[in-house]
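Data file: query.cif. Format and content: mmCIF, C-alpha atoms.
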data_entry
loop_
_atom_site.label_atom_id
_atom_site.label_comp_id
_atom_site.auth_asym_id
_atom_site.auth_seq_id
_atom_site.Cartn_x
_atom_site.Cartn_y
_atom_site.Cartn_z
CA LYS C 1 203.33 183.11 41.83
CA TYR C 2 203.89 179.43 42.55
CA LYS C 3 201.57 176.51 41.98
CA THR C 4 200.85 174.75 45.27
CA ALA C 5 199.99 171.15 46.10
CA VAL C 6 199.02 169.68 49.47
CA ILE C 7 198.41 166.18 50.83
CA LEU C 8 194.95 165.72 52.35
CA TYR C 9 194.71 162.85 54.86
CA ASP C 10 191.06 163.15 55.78
CA LEU C 11 188.14 165.46 56.53
CA ILE C 12 187.02 163.69 59.69
CA PRO C 13 186.42 166.89 61.75
CA LEU C 14 184.19 168.18 58.95
CA LEU C 15 182.18 164.95 58.92
CA HIS C 16 181.88 164.77 62.72
CA PRO C 17 181.88 168.37 64.04
CA ASP C 18 180.19 167.45 67.34
CA LEU C 19 183.23 165.36 68.28
CA TYR C 20 186.05 167.46 66.87
CA LEU C 21 184.81 171.03 66.50
CA ASP C 22 183.01 171.45 69.81
CA ASN C 23 184.07 175.02 70.55
CA LYS C 24 184.23 178.32 68.72
CA LYS C 25 188.04 178.42 68.57
CA SER C 26 188.42 175.01 66.95
CA LYS C 27 185.59 175.72 64.50
CA LEU C 28 187.25 178.98 63.41
CA TRP C 29 190.67 177.33 63.07
CA TYR C 30 189.27 174.49 60.96
CA LYS C 31 187.18 176.86 58.81
CA ARG C 32 190.34 178.79 57.91
CA ARG C 33 192.16 175.57 57.04
CA ILE C 34 189.34 174.54 54.70
CA GLU C 35 189.34 177.96 53.06
CA GLN C 36 193.08 177.63 52.46
CA LEU C 37 192.64 174.14 51.07
CA GLU C 38 190.04 175.31 48.56
CA LYS C 39 192.54 177.77 47.11
CA ILE C 40 195.24 175.16 46.50
CA ASN C 41 196.10 174.27 42.88
CA CYS C 42 196.40 170.52 43.49
CA VAL C 43 195.07 168.32 46.31
CA LEU C 44 196.66 164.88 46.71
CA THR C 45 194.53 162.53 48.82
CA ILE C 46 195.69 159.36 50.59
CA SER C 47 192.63 157.34 49.54
CA GLU C 48 189.80 157.31 47.05
CA HIS C 49 187.45 157.71 50.03
CA THR C 50 189.12 160.99 50.99
CA ARG C 51 189.10 162.18 47.39
CA LYS C 52 185.36 161.53 47.07
CA THR C 53 184.72 163.20 50.42
CA ALA C 54 186.62 166.30 49.33
CA LYS C 55 184.75 166.36 46.03
CA LYS C 56 181.41 166.13 47.83
CA TYR C 57 181.94 168.63 50.65
CA LEU C 58 184.51 171.15 49.43
CA LYS C 59 184.61 173.75 46.71
CA ILE C 60 187.38 172.05 44.77
CA LEU C 61 187.22 171.12 41.09
CA ASP C 62 187.44 167.41 40.37
CA THR C 63 190.37 168.11 38.05
CA LYS C 64 192.40 169.33 41.06
CA LEU C 65 191.82 166.20 43.16
CA PHE C 66 194.15 163.20 42.83
CA ASN C 67 194.28 160.02 44.90
CA ILE C 68 197.88 158.94 45.50
CA SER C 69 196.95 156.38 48.21
CA GLY C 70 199.35 155.29 50.95
CA ALA C 71 202.13 152.74 51.33
CA VAL C 72 204.60 151.26 53.81
CA ASP C 73 208.37 151.12 53.81
CA HIS C 74 208.98 147.47 52.93
CA SER C 75 212.63 147.75 53.90
CA PHE C 76 211.37 148.10 57.48
CA PHE C 77 207.95 146.41 57.53
CA SER C 78 208.70 142.95 56.22
CA CYS C 79 207.94 139.36 57.08
CA THR C 80 210.23 137.07 59.02
CA GLU C 81 209.45 133.56 57.88
CA ASP C 82 210.48 131.96 61.16
CA ALA C 83 208.71 134.50 63.41
CA VAL C 84 206.99 132.53 66.17
CA LYS C 85 203.37 133.53 66.56
CA GLU C 86 202.41 134.21 70.16
CA ASN C 87 198.99 134.16 71.82
CA TYR C 88 197.98 137.78 71.50
CA ILE C 89 195.79 139.97 69.34
CA PHE C 90 197.38 143.28 68.39
CA THR C 91 196.18 146.73 67.39
CA VAL C 92 197.86 150.08 66.73
CA SER C 93 195.41 152.80 67.57
CA GLY C 94 194.60 155.97 69.52
CA ILE C 95 192.19 157.16 72.19
CA ASP C 96 190.25 159.14 69.62
CA PRO C 97 186.57 157.95 69.80
CA ARG C 98 186.58 156.91 66.14
CA LYS C 99 189.29 154.33 66.89
CA ASN C 100 186.57 152.25 68.59
CA LEU C 101 188.79 150.76 71.28
CA ASN C 102 185.92 150.19 73.71
CA LEU C 103 184.16 148.11 71.08
CA LEU C 104 187.32 146.05 70.56
CA ILE C 105 187.65 145.46 74.31
CA ARG C 106 184.00 144.37 74.45
CA ALA C 107 184.47 142.02 71.51
CA PHE C 108 187.65 140.59 73.01
CA SER C 109 185.88 140.11 76.35
CA GLU C 110 183.17 138.05 74.67
CA ALA C 111 185.69 136.01 72.73
CA VAL C 112 188.08 135.38 75.62
CA GLN C 113 185.34 133.81 77.73
CA LEU C 114 185.15 131.02 75.16
CA LEU C 115 188.88 130.72 74.46
CA ASN C 116 190.64 127.90 76.23
CA THR C 117 194.04 129.53 75.77
CA ASN C 118 195.75 132.50 77.40
CA TYR C 119 195.24 135.07 74.64
CA GLN C 120 195.88 138.72 75.43
CA LEU C 121 194.88 141.91 73.66
CA ILE C 122 197.82 144.29 73.19
CA ILE C 123 196.96 147.91 72.35
CA THR C 124 199.70 150.28 71.24
CA CYS C 125 198.83 153.96 71.47
CA ASP C 126 199.81 157.07 73.35
CA ILE C 127 197.45 156.91 76.34
CA SER C 128 197.03 158.92 79.53
CA LYS C 129 196.65 157.46 83.02
CA GLU C 130 193.10 158.80 83.07
CA ASP C 131 192.17 156.90 79.91
CA ILE C 132 193.78 153.72 81.25
CA ARG C 133 191.66 154.05 84.40
CA ALA C 134 188.52 154.46 82.27
CA SER C 135 189.43 151.32 80.28
CA LYS C 136 189.98 149.36 83.50
CA ILE C 137 186.53 150.41 84.72
CA LEU C 138 185.07 149.03 81.48
CA MET C 139 187.05 145.79 81.91
CA LYS C 140 185.75 145.45 85.45
CA GLU C 141 182.18 145.86 84.20
CA LEU C 142 182.86 143.16 81.62
CA LYS C 143 184.48 140.92 84.27
CA LEU C 144 187.59 140.86 82.12
CA ASP C 145 190.90 140.25 83.90
CA HIS C 146 192.88 143.47 83.51
CA GLN C 147 196.00 141.39 82.75
CA LYS C 148 194.29 140.22 79.56
CA VAL C 149 194.49 143.72 78.05
CA ILE C 150 197.88 145.41 77.78
CA PHE C 151 198.33 149.10 76.94
CA THR C 152 201.94 149.59 75.84
CA GLY C 153 201.85 153.38 75.67
CA TYR C 154 204.34 154.97 73.29
CA ILE C 155 206.97 152.51 72.05
CA SER C 156 209.84 152.62 69.55
CA ASP C 157 209.59 151.56 65.90
CA LYS C 158 211.63 148.42 66.62
CA GLU C 159 209.31 147.44 69.46
CA ILE C 160 206.19 147.97 67.37
CA LEU C 161 207.69 145.94 64.53
CA LYS C 162 208.30 143.05 66.93
CA LEU C 163 204.68 143.18 68.13
CA TYR C 164 203.43 143.12 64.53
CA LYS C 165 205.56 140.13 63.56
CA HIS C 166 204.72 137.90 66.52
CA CYS C 167 200.97 138.53 66.92
CA SER C 168 198.43 135.88 65.98
CA LEU C 169 196.03 138.42 64.50
CA PHE C 170 195.88 142.18 63.89
CA VAL C 171 192.54 143.91 64.53
CA PHE C 172 191.63 147.41 63.35
CA PRO C 173 188.18 148.42 64.72
CA SER C 174 187.98 152.10 63.67
CA TRP C 175 184.65 153.48 62.44
CA GLN C 176 186.24 156.26 60.37
CA GLU C 177 189.62 156.37 58.64
CA GLY C 178 191.26 158.44 55.94
CA PHE C 179 193.19 155.35 54.88
CA GLY C 180 194.22 152.89 57.63
CA LEU C 181 198.00 152.57 57.31
CA PRO C 182 198.44 150.09 60.24
CA ILE C 183 196.52 147.52 58.18
CA LEU C 184 199.18 147.67 55.46
CA GLU C 185 201.96 147.57 58.04
CA ALA C 186 200.50 144.39 59.53
CA MET C 187 200.08 142.75 56.12
CA ALA C 188 203.65 143.65 55.16
CA CYS C 189 204.75 141.74 58.27
CA GLY C 190 202.76 138.71 57.13
CA VAL C 191 199.95 139.13 59.65
CA PRO C 192 196.27 138.24 59.04
CA VAL C 193 193.93 141.18 59.63
CA ILE C 194 190.38 141.76 60.81
CA SER C 195 189.33 145.31 59.99
CA THR C 196 186.19 147.37 59.79
CA ASN C 197 185.00 148.56 56.41
CA ALA C 198 184.91 152.19 57.54
CA GLY C 199 186.08 154.99 55.25
CA GLY C 200 189.38 154.40 53.48
CA ALA C 201 190.27 151.32 55.56
CA SER C 202 188.63 148.96 53.07
CA GLU C 203 190.94 150.24 50.30
CA THR C 204 193.93 148.62 51.99
CA PHE C 205 192.52 145.16 51.20
CA ILE C 206 193.55 143.77 47.83
CA ASP C 207 191.35 140.74 48.34
CA ASN C 208 189.69 138.85 51.19
CA LYS C 209 192.52 136.31 51.41
CA THR C 210 194.72 138.60 53.51
CA GLY C 211 192.00 139.40 56.02
CA ILE C 212 188.32 140.13 56.50
CA LEU C 213 186.19 143.26 56.74
CA VAL C 214 183.48 143.47 59.40
CA ASP C 215 180.71 145.76 60.61
CA SER C 216 182.31 148.49 62.71
CA ASN C 217 179.43 148.74 65.20
CA ASP C 218 178.79 145.13 66.14
CA PRO C 219 180.99 143.75 68.96
CA ASN C 220 179.20 140.38 68.81
CA PHE C 221 180.09 139.95 65.15
CA ILE C 222 183.71 140.94 65.76
CA ALA C 223 183.87 138.54 68.74
CA ASN C 224 182.55 135.71 66.58
CA LYS C 225 185.12 136.46 63.88
CA LEU C 226 187.93 136.51 66.45
CA LEU C 227 186.90 133.07 67.62
CA GLU C 228 186.38 131.75 64.12
CA LYS C 229 189.67 132.97 62.69
CA LEU C 230 191.96 132.32 65.65
CA PHE C 231 191.16 128.60 65.46
CA ASP C 232 191.19 128.35 61.69
CA GLU C 233 194.81 127.37 61.15
CA GLU C 234 194.34 126.88 57.42
CA TRP C 235 192.94 130.42 56.99
CA LEU C 236 195.68 131.93 59.17
CA LYS C 237 198.38 130.20 57.14
CA GLU C 238 196.86 131.22 53.80
CA ALA C 239 196.30 134.80 54.97
CA ARG C 240 199.96 135.11 56.01
CA ILE C 241 201.14 133.81 52.63
CA GLU C 242 198.83 136.22 50.73
CA ALA C 243 199.82 139.16 52.93
CA ILE C 244 203.49 138.60 52.11
CA ARG C 245 202.76 138.07 48.42
CA ASN C 246 200.77 141.32 48.11
#

Do you think you could lay out the structure here as structure tokens?
Amino acid sequence: KYKTAVILYDLIPLLHPDLYLDNKKSKLWYKRRIEQLEKINCVLTISEHTRKTAKKYLKILDTKLFNISGAVDHSFFSCTEDAVKENYIFTVSGIDPRKNLNLLIRAFSEAVQLLNTNYQLIITCDISKEDIRASKILMKELKLDHQKVIFTGYISDKEILKLYKHCSLFVFPSWQEGFGLPILEAMACGVPVISTNAGGASETFIDNKTGILVDSNDPNFIANKLLEKLFDEEWLKEARIEAIRN
């Protein structure tokens, strides 16, 4: 007898069934979830991208779909004016294939060969020992010193906030996102961002002064942008000011 509303984050498994629905059990589970979703009175999406995806692929009336977007808690994610920027590039991610971490490592490897400073790439995500071993094999193939790439594993909110505030640049290489909340978290901490234009991630950019959007499948292009932006002190300064302002 009650009207029901749900929040829809994304439909990534529906868009990429080969990656996420690769067995009968998962397909059946997801099919039932979609059937439930289509019976809901009101669907609140976290991005315009997700709203349009739901409109295109699901049996839901447009009048029942509303984009409410996403946001950060500015009482927690905020800029410290005197935060000293250290020589590392930071990302908050996952081992999920769509997070594109291998591409980021490849791009960083290309960039670091031309950097005359001791930059590191710090990756925060929940990661298994097996996945770390696989990443180290990739780094060995790329002749990238394994000390240049740091996997933090799971860390506390305070620790992640510190990494945001002190990084030189935040990079978000995902090729599919419902929204891309880490981008907003980085900007709220006054950090310049390089992000892909995949899915809802581009909606987090108010303008190109706070960061840049790049092709999600081109490690050479990302490597070039890393080099270009890390040594552009004027752009970094302006991007930090705009990130705080927005």

Check what the PyMOL selection byres ((chain C and resi 110) around 10) selects in the file above and give those residues as a ChimeraX atom specification. /C:104-109,111-115,142,144,219-220,222-224,226-227

Just the residues within 12 Å of C:Gln36, please, counting all atoms listed in the file, with nothing from its chain fewer than 4 positions along; format it as a PyMOL selection string. chain C and resi 4-6+29-32+40-43+58-60

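Of the listed residues C:Phe221, C:Tyr2, C:Phe205, C:Tyr164, the one whose atoms come nearest to C:Val84 is C:Tyr164, with distances taken using all atoms listed in the file.
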
Step by step, work through what the PyMOL selection byres ((chain C and resi 173) around 9) selects in the shown file, and finish by giving those residues as a list in words.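 Output from the PyMOL selection byres ((chain C and resi 173) around 9), applied to this file: Thr91, Ser93, Arg98, Lys99, Asn100, Leu101, Leu103, Leu104, Val171, Phe172, Ser174, Trp175, Ile194, Ser195, Thr196, Asn197, Ala198, Val214, Asp215, Ser216, Asn217 and Ile222 of chain C.
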
Suppose you want the space between atom CA of C:Glu185 and atom CA of C:Arg240; what is it in Å?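 Separating atom CA of C:Glu185 from atom CA of C:Arg240 is a distance of 12.8 Å.
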
Point-to-point distance from atom CA of C:Lys85 to atom CA of C:Leu138, Å rounded to tenths: 28.2 Å

Selected residue of minimal separation from C:Phe66 among C:Glu48, C:Asp18, C:Asp126, C:Glu228, counting all atoms listed in the file: C:Glu48

Considering all atoms listed in the file, state which residue in the set C:Glu242, C:Glu38, C:Ile132, C:Ser78 is at the smallest distance from C:Lys55. C:Glu38

From the set C:Ser75, C:Ser26, C:Thr210, C:Asn87, which residue has the shortest atom-to-atom contact distance to C:His166, counting all atoms listed in the file?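 Closest residue, counting all atoms listed in the file: C:Asn87.
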
For a quick check of your reading of the model, name the residues lying within 7 Å of the coordinate (195.0, 135.1, 71.0), counting all atoms listed in the file, and write them as number ranges by chain. C: 87-89, 118-120, 168, 230

Take atom CA of C:His74 and atom CA of C:Leu161 and report the distance between them in Å, one decimal.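 Interatomic distance, atom CA of C:His74 to atom CA of C:Leu161: 11.8 Å.
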
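For the residues C:Ile212, C:Leu37, C:Leu21, C:Leu184, ranking by smallest atom-to-atom distance to C:Asp73 using all atoms listed in the file places C:Leu184 first.
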
Evaluated on this file, the PyMOL selection byres ((chain C and resi 178) around 6) picks out some residues - which ones are they, written as a compact mmCIF listing (two decimals) with C-alpha atoms, keeping the file's coordinate frame?
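Output (out00.txt):
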# COMPACT_ATOMS: atom_id res chain seq x y z
CA TYR C 9 194.71 162.85 54.86
CA ASP C 10 191.06 163.15 55.78
CA THR C 50 189.12 160.99 50.99
CA GLU C 177 189.62 156.37 58.64
CA PHE C 179 193.19 155.35 54.88
CA GLY C 200 189.38 154.40 53.48

Please provide the set of residues having any atom within 12 Å of C:Asp131, restricted to all atoms listed in the file, with same-chain residues fewer than 2 positions apart removed, written as a list in words. Gly94, Ile95, Asp96, Pro97, Leu101, Asn102, Cys125, Asp126, Ile127, Ser128, Lys129, Arg133, Ala134, Ser135, Lys136, Ile137, Leu138, Phe151 and Gly153 of chain C

Could those selected residues go to a file with C-alpha atoms, as a compact mmCIF listing (two decimals), keeping the file's coordinate frame?
# COMPACT_ATOMS: atom_id res chain seq x y z
CA GLY C 94 194.60 155.97 69.52
CA ILE C 95 192.19 157.16 72.19
CA ASP C 96 190.25 159.14 69.62
CA PRO C 97 186.57 157.95 69.80
CA LEU C 101 188.79 150.76 71.28
CA ASN C 102 185.92 150.19 73.71
CA CYS C 125 198.83 153.96 71.47
CA ASP C 126 199.81 157.07 73.35
CA ILE C 127 197.45 156.91 76.34
CA SER C 128 197.03 158.92 79.53
CA LYS C 129 196.65 157.46 83.02
CA ARG C 133 191.66 154.05 84.40
CA ALA C 134 188.52 154.46 82.27
CA SER C 135 189.43 151.32 80.28
CA LYS C 136 189.98 149.36 83.50
CA ILE C 137 186.53 150.41 84.72
CA LEU C 138 185.07 149.03 81.48
CA PHE C 151 198.33 149.10 76.94
CA GLY C 153 201.85 153.38 75.67

Could you tell me which of C:Leu169, C:Phe90, C:Val72, C:Gln176 comes closest to C:Ile12 if we count all atoms listed in the file? C:Gln176

If I wrap all listed atoms of stretch 10-15 of chain C in a box with edges along x, y and z and add 6 Å on each side, what are its centre and edge lengths in Å to one decimal, as AutoDock Vina command-line options?
--center_x 186.6 --center_y 165.7 --center_z 58.8 --size_x 20.9 --size_y 17.0 --size_z 18.0

Write out as JSON, numbers by chain which residues come within 6 Å of C:Thr45 when counting only C-alpha atoms, dropping same-chain ones fewer than 4 positions away. {"C": [7, 8, 51, 67, 68]}
